[in-house]
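Quick notes on the structure that follows.
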Amino acid sequence: MLEAQLEELRRTTLARFASAFSQENLEEARVEALGRKGTLAQISKEFGKLPPEQRASLGKLLNSVKQDLESEYEAKKHKFEQEQLAARLEREWLDVTLPAPGVRPGSLHPITQIQAEIEDLFTSLGFAVLDGPEVETEEHNFDALNIPPTHPARDMQDTFWLTNGHLLRTHTSPVQVRGMRALGPPLRMIAPGRVFRNEEVDASHEHTFYQLEGMMVDRNVSVANLIYFMKTLLSGIFHRDVVVRLRPGYFPFVEPGFELDIQCLICGGSGCAVCKQSGWVELMPCGLVHPNVLRSGGIDPDEWSGFAFGLGLTRMAMMRYGIDDIRQMQGGDLRFLTQF
Ligand code: PHE
C-alpha cells in the first residue's frame with residue numbers, strides 16, 4: 001500500500017520537476033512532495049506506525065525516493081540558476097576596454113577665472129583677500145557705510161529683505177566694515193563675492209551678480225594712490241590699453257567719489273546693448289573713504305585715510321570675453337560654459 005504510494009510519488013514528482021517551467025513552479029512541486037506537510041512527510045508518518053518487520057524494506061524505498069527527488073530537484077534548480085546567470089551576462093555585458101563616452105575636462109567659470117587673476121594681482125601688492133556673509137545685517141550693509149535710512153538704496157525695490165530683518169547684501173562694501181573692525185589700520189584688503197538686488201532681469205541686469213571690493217587704509221592715502229592702483233588693476237586685467245574716463249560719482253561711503261568708465265570692449269565705443277548704446281561702460285565706482293565710514297570701522301579719520309573701489313566682476317568678465325547677455329552668466333548652460 002505505502003509502497004505503491006511511494007512509487008506513485010516518485011513518478012509524478014519527477015515528472016513535475018522535469019516539466020517545471022520556472023523556479024517558482026519547481027518550488028511549488030518541491031513543497032507539495034518534500035515539504036514539512038508534503039506527501040512524503042505524510043507517508044513517513046504512516047510508515048512510523050508499521051510493525052518493525054515491515055519497516056526494513058520499506059524504509060530503504062522511502063530513503064531512495066527521498067534521495068531521488070531531492071537530487072533531481074537540486075539538478076533542476078541548478079539548471080534554472082545557470083540559465084538566469086547566462087541571460088543576465090548576455091544582458092549586462094560591458095566592454096571595459098572601450099573609451100568612456102562624453103568624458104571631457106571641466107573648465108573654470110569666466111567669473112572664477114577673472115576673480116583668481118585679480119586676487120593674484122592684489123595679493124602681490126600686499127592685499128588680503130577677505131570673505132563676508134551673503135546674508136548681512138542692515139548695519140553692515142547700510143548704516144556703517146554712511147547710508148542713512150532715507151537713502152533710496154534702501155528702497156524695497158532694490159533690496160531683498162529677509163523676514164528676520166536681515167537682508168541679502170546688495171554690494172560687497174559691508175566687508176569693508178568687517179575688514180576694518182577685524183584688522184584695523186593700516187589695511188589693504190579685497191573682498192570678492194556674490195551680491196543681490198531686487199532687479200528686473202534683462203540683457204544687462206541680474207538679481208544676482210559678483211563684485212570685488214577693494215580698500216586701502218593708511219596714513220596720507222590720496223586720490224593719486226587710488227588712480228595708481230586702478231591703472232595697475234585695469235592693465236593687469238585686460239592685457240591691453242583700455243580707454244578710461246573718470247567722472248564724479250556719488251556714493252554715501254566715499255568722499256570724493258568717482259565713477260570710472262571704460263570704453264565698451266564689445267562694440268569699441270560705437271554703441272550696443274551692453275553699453276546701452278552709449279559706448280561707455282561703468283566699470284568701477286571708487287573714491288576716498290568717507291570719515292564716517294572710517295569711524296564706524298573703529299578708525300580715527302584724523303590719523304588715517306583710505307580709498308575704496310567696487311568692481312563689477314560679472315560685468316568685467318562679460319567685457320573680457322565679449323558676452324553680451326548677463327543672463328548667460330548664471331544660466332548653467334554647458335554649451336556656454338565649455339567655451340571658457
Ligand atoms: N558698493 C558700491 C556699489 O555696489 C560700489 C562702490 C564700492 C563704490 C566702493 C565706491 C566705493 O554700487
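Each chain in the C-alpha cells gets a letter, A, B and so on, in the order shown; residues start at 1 in every chain, and ligands are counted from 1 in the order they appear.
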Next item on the list: Using only C-alpha atoms and all ligand atoms, find each residue with an atom at most 7 Å away from ligand 1 and format the answer as number ranges by chain.
Entry: A: 170-173, 213, 251, 253-254, 257, 285-287, 308-310
Could you produce a table of the residues of range 50-126 of chain A lying within 9 Å of range 21-27 of chain A, with the nearest pair of atoms per residue and their separation in Å rounded to one decimal, using only C-alpha atoms, ordered by chain and increasing residue number, as CSV?
residue,atom,partner,partner_atom,distance
A:Tyr73,CA,A:Leu26,CA,7.7
A:Lys76,CA,A:Leu26,CA,8.0
A:Lys77,CA,A:Gln23,CA,6.8
A:Phe80,CA,A:Gln23,CA,6.5
A:Glu81,CA,A:Gln23,CA,8.5
Check: Could you name the residues that touch range 200-210 of chain A at 8 Å or less, counting only C-alpha atoms, but leaving out those on the same chain fewer than 2 positions away, as a PyMOL selection string?
Finding: chain A and resi 111+192-198+212+273-274+312-314+324-327
Next item on the list: Using only C-alpha atoms, pick whichever of A:Gln84, A:Gln277, A:Thr137, A:Ser305 has the shortest atom-to-atom distance to Val221 in chain A.
Entry: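 With only C-alpha atoms as the atom set, the closest residue is A:Ser305.
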Next item on the list: Using only C-alpha atoms, determine which residues lie at most 12 Å from range 3-9 of chain A, disregarding the query and same-chain residues fewer than 4 positions distant; provide the list as an MDAnalysis selection string.
Entry: chainID A and resid 13:17 29:30 32:34 38:44 46:47 54:55 57:66 68:69
Next item on the list: Tell me, as a list in words, which residues lie within 8 Å of Asn292 in chain A, counting only C-alpha atoms; anything in the same chain fewer than 3 positions away does not count.
Entry: Ala144, Leu145, Asn146, Phe253, Arg295 and Ser296 of chain A
Write the selection just made, keeping N, CA, C and O atoms, as a tab-separated table (two decimals), in the first residue's frame?
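Produced file part-v4.tsv, reproduced below:
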chain	number	residue	atom	x	y	z
A	144	ALA	N	26.63	101.46	8.71
A	144	ALA	CA	28.06	101.66	8.90
A	144	ALA	C	28.73	102.24	7.66
A	144	ALA	O	29.86	102.72	7.72
A	145	LEU	N	28.02	102.19	6.54
A	145	LEU	CA	28.56	102.73	5.30
A	145	LEU	C	27.99	104.12	5.00
A	145	LEU	O	27.98	104.56	3.85
A	146	ASN	N	27.49	104.77	6.05
A	146	ASN	CA	27.02	106.13	5.90
A	146	ASN	C	25.82	106.22	4.95
A	146	ASN	O	25.65	107.20	4.24
A	253	PHE	N	29.42	106.39	0.92
A	253	PHE	CA	30.55	105.92	1.73
A	253	PHE	C	31.90	106.40	1.22
A	253	PHE	O	32.94	106.00	1.74
A	295	ARG	N	35.18	105.91	10.87
A	295	ARG	CA	34.76	105.94	12.28
A	295	ARG	C	33.96	104.69	12.65
A	295	ARG	O	34.21	104.07	13.68
A	296	SER	N	33.01	104.33	11.79
A	296	SER	CA	32.21	103.15	12.16
A	296	SER	C	33.03	101.87	12.06
A	296	SER	O	32.66	100.84	12.64
Given only C-alpha atoms, how would the per-residue table for range 38-153 of chain A near range 234-249 of chain A read, listing every residue at most 12 Å away with its closest atom pair and distance in Å to one decimal, sorted by chain and number, as JSON lines?
{"residue": "A:Gln113", "atom": "CA", "partner": "A:Ile237", "partner_atom": "CA", "distance": 10.6}
{"residue": "A:Ile114", "atom": "CA", "partner": "A:Ile237", "partner_atom": "CA", "distance": 7.6}
{"residue": "A:Gln115", "atom": "CA", "partner": "A:Ile237", "partner_atom": "CA", "distance": 9.8}
{"residue": "A:Ala116", "atom": "CA", "partner": "A:Ile237", "partner_atom": "CA", "distance": 10.6}
{"residue": "A:Glu117", "atom": "CA", "partner": "A:Ile237", "partner_atom": "CA", "distance": 7.3}
{"residue": "A:Ile118", "atom": "CA", "partner": "A:Ile237", "partner_atom": "CA", "distance": 7.1}
{"residue": "A:Glu119", "atom": "CA", "partner": "A:Ile237", "partner_atom": "CA", "distance": 10.8}
{"residue": "A:Asp120", "atom": "CA", "partner": "A:Gly236", "partner_atom": "CA", "distance": 10.1}
{"residue": "A:Leu121", "atom": "CA", "partner": "A:Gly236", "partner_atom": "CA", "distance": 7.3}
{"residue": "A:Phe122", "atom": "CA", "partner": "A:Gly236", "partner_atom": "CA", "distance": 10.1}
{"residue": "A:Ser124", "atom": "CA", "partner": "A:Gly236", "partner_atom": "CA", "distance": 11.8}
Notebook entry, point to check: Which one of A:Leu125, A:Val293, A:Leu334, A:Ile147 sits closest to Phe307 in chain A if you count only C-alpha atoms?
Noted result: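 Among the listed residues, the smallest separation from Phe307 in chain A belongs to A:Val293.
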Next item on the list: Enumerate as a PyMOL selection string all residues of range 185-232 of chain A assigned to strand (DSSP E) by DSSP on the backbone, naming them with the chain letters and numbers the document uses.
Entry: chain A and resi 187-196+208-218
Margin query: Taking only range 12-97 of chain A into account, list the residues labelled helix (DSSP H, G or I) by DSSP (computed from the backbone), as a ChimeraX atom specification.
Written below: /A:12-19,23-34,39-48,52-92
Next item on the list: Choose the residue, out of A:Met329, A:Asn164, A:Met180, A:Gly126, that has the smallest atom-to-atom separation from Phe229 in chain A; count only C-alpha atoms.
Entry: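 That would be A:Gly126, the residue with the smallest distance to Phe229 in chain A.
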